[in-house]
Every structure is written in C-alpha cells, then in structure tokens.
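Okay, structure first, notes after.
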Amino acid sequence: MIKFFRHIRKDLMEKNKTGKYLKYAIGEIALVVIGILIALQINNWNQQRLDRILEEDYYCQFLEDINQDLIQLHEQVKNTQERLHHANKMLGLLQSENSDYAKILEHTKGAVSKTDAIITPNINAFEDLKSSGNLRLITDKKIKNQLTKYYANTQGLLNIINSNAISITTRFKDKTDKINNGWIYLIESQNGFDSTLVSVEKLKKLFVRNKEVTRNHMNDALAYIGSNSRNLEHLKSLESEVLSMKALLETKCIKP
C-alpha cells in the first residue's frame, strides 16, 4: 500500500502535475487523519469496555465485602441479645434476697461475655478503589454517593458499638474489690483454683452480701442492660444500612 502511494506521488511529480499532486497530498493527509481518528475511537471503545468490566467486578467485590459484614453483624446481634438476657437475669436475682449468689455470678459472666468480639468491617475493595484512583470507574453517581455515605455511616456506628462493648468489659475488670464482686465464684466456675493450694471455702467466707454489695451489683447490671440494649438499637440501624446497600449492589453485580 505504501509503495502504491509512493508510485502515484512519483508519477505526478514526474509529469509536473502540481495541482493534482497537491490535491492528492491533501487527500492522503486526510486519509491518515481519518485512520488515526478511527484507531483512537476503537481504542477508546475498547478502554470503555474494559472499564465497564472492571466496574462490574468492583460491584461484586463490594457485595462480597458487605455479605461478610452481614455475617459479623448477625453474630454480634446474637451475642448482644444473649448478654442482655443474662444482665436481666442477674438484676432479677439481685432483687431477691434469697437468690443463689453463684447463679447471680453465672449470669454476670454471661452479661459481659464475648465483648471482645468486635465487628471489623471489610473495606478492602473500597480502599483499593480509592488508593488506585479507580473511583472514576463508578459511573453511577447514585451508587458512588451511596457507597461513600455507607462506609462513613457504618464506620461511625461501629465505633460506637465497639466502644460500648469494650466499656462493659472494662467496668467488670476494673472492680478493685474482687471478693465482694464475686470473682471467687467466677474463678471457681472456670476451674481456676488449685484446691491443693487454695481453700475456696475460706475465700467464700470473706464474701459478705450486704445492701451495699447488692446495690453495686445492681448498678453493674443496669449498666450492662443499658449498654447492650443501646447496642442492639445501633446494630439494627446498621443492619438497615447494610441491607439497603446489599440490595443496591445486587442489581449491579452481574455474574455470568
């Protein structure tokens, strides 16, 4: 093809047909420009196609992260409901003067259990999207705004939920009077005492259940009930956010 064009140019120059040569040169330039524009357009179409494939892949990654968050969320709801139940049982037994103190402490342990199992959100896909500069790939402005809002809102709620959970354990662990706060019964239930070295019965005799001790435990029970019931409200609010985002992404994540 190049040799063909060269032959035409040479023939026109040799025959001194300047006008025709200029027309031919302009035509050749136009053809080259058109060829370049076509190539650029094809490349642009191809890049757009690759971008849309990557965009759909991100939607599916977001959906997977959110499904993992939902599993953690449901587990946290279950744990919080169990702690709330134990805290209420604890308070109910404390209101009765004849209740078995070992049972009170059993429910105390339940009221503060699994508070270290905090929710860690899966944000790998979103962080990758931001750090790689690929945020431009999300062409749906509603999705982009919803994702940004979702991750900001959920992180804020999780900070409160996790903080409340940790405060429960902190309140329990920071008690200085371990004897009158029932640690003897708790350690005994966990088989923590070596009976060849320690007399558990003598330790139990040091425990005095009076109005002050009962009142302190009631205050603890109320704090546990308050923190866990508040966390349940936050968890339900978070679940609503997660399910809304999940439903939106399911319309975007199209797997073959």
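Going by the structure tokens order, chains are called A, B, ..., each with residues numbered from 1, while ligands are numbered from 1 in the order shown.
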(message) Show me, as a ChimeraX atom specification, the residues that have an atom within 7 Å of segment 210-217 of chain A when counting only C-alpha atoms, minus same-chain residues fewer than 4 positions from it.
(response) /A:94,180,221
(message) Give me the residues near Lys252 of chain A as a list of chain:residue names, where near means some atom within 9 Å (using only C-alpha atoms) and where sequence neighbours in that chain fewer than 5 positions away do not count.
(response)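 Skipping anything fewer than 5 positions along the chain leaves A:Glu56, A:Tyr59, A:Cys60.
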Go through segment 127-239 of chain A residue by residue and, counting only C-alpha atoms, keep those with an atom at most 8 Å from segment 107-113 of chain A; for each kept residue give the shortest atom pair and its distance in Å to one decimal, ordered by chain and increasing number, as a Markdown table.
| residue | atom | partner | partner_atom | distance |
| --- | --- | --- | --- | --- |
| A:Ile168 | CA | A:Val112 | CA | 6.2 |
| A:Thr169 | CA | A:Val112 | CA | 5.9 |
| A:Phe172 | CA | A:Val112 | CA | 7.5 |
| A:Leu186 | CA | A:Lys109 | CA | 7.3 |
| A:Ala221 | CA | A:Thr108 | CA | 7.7 |
| A:Tyr224 | CA | A:Ala111 | CA | 6.6 |
(request) Go through A:Ser240, A:Asn181, A:Thr176, A:Thr148 one by one, measure the shortest atom-to-atom distance of each to Tyr101 of chain A using only C-alpha atoms, and give the residue with the smallest value. (result)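 Residue with the minimum atom-to-atom distance to Tyr101 of chain A: A:Asn181.
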(message) Report, in Å with one decimal, the straight-line distance from atom CA of Leu70 of chain A to atom CA of Asn145 of chain A.
(response) 20.8 Å
(request) Fewer than 5 positions away in the same chain doesn't count, so skip those; otherwise give me all residues within 12 Å of Lys178 of chain A, counting only C-alpha atoms, as a VMD selection string. (result) chain A and resid 172 to 173 183 to 187 203 to 204 206 to 208 213
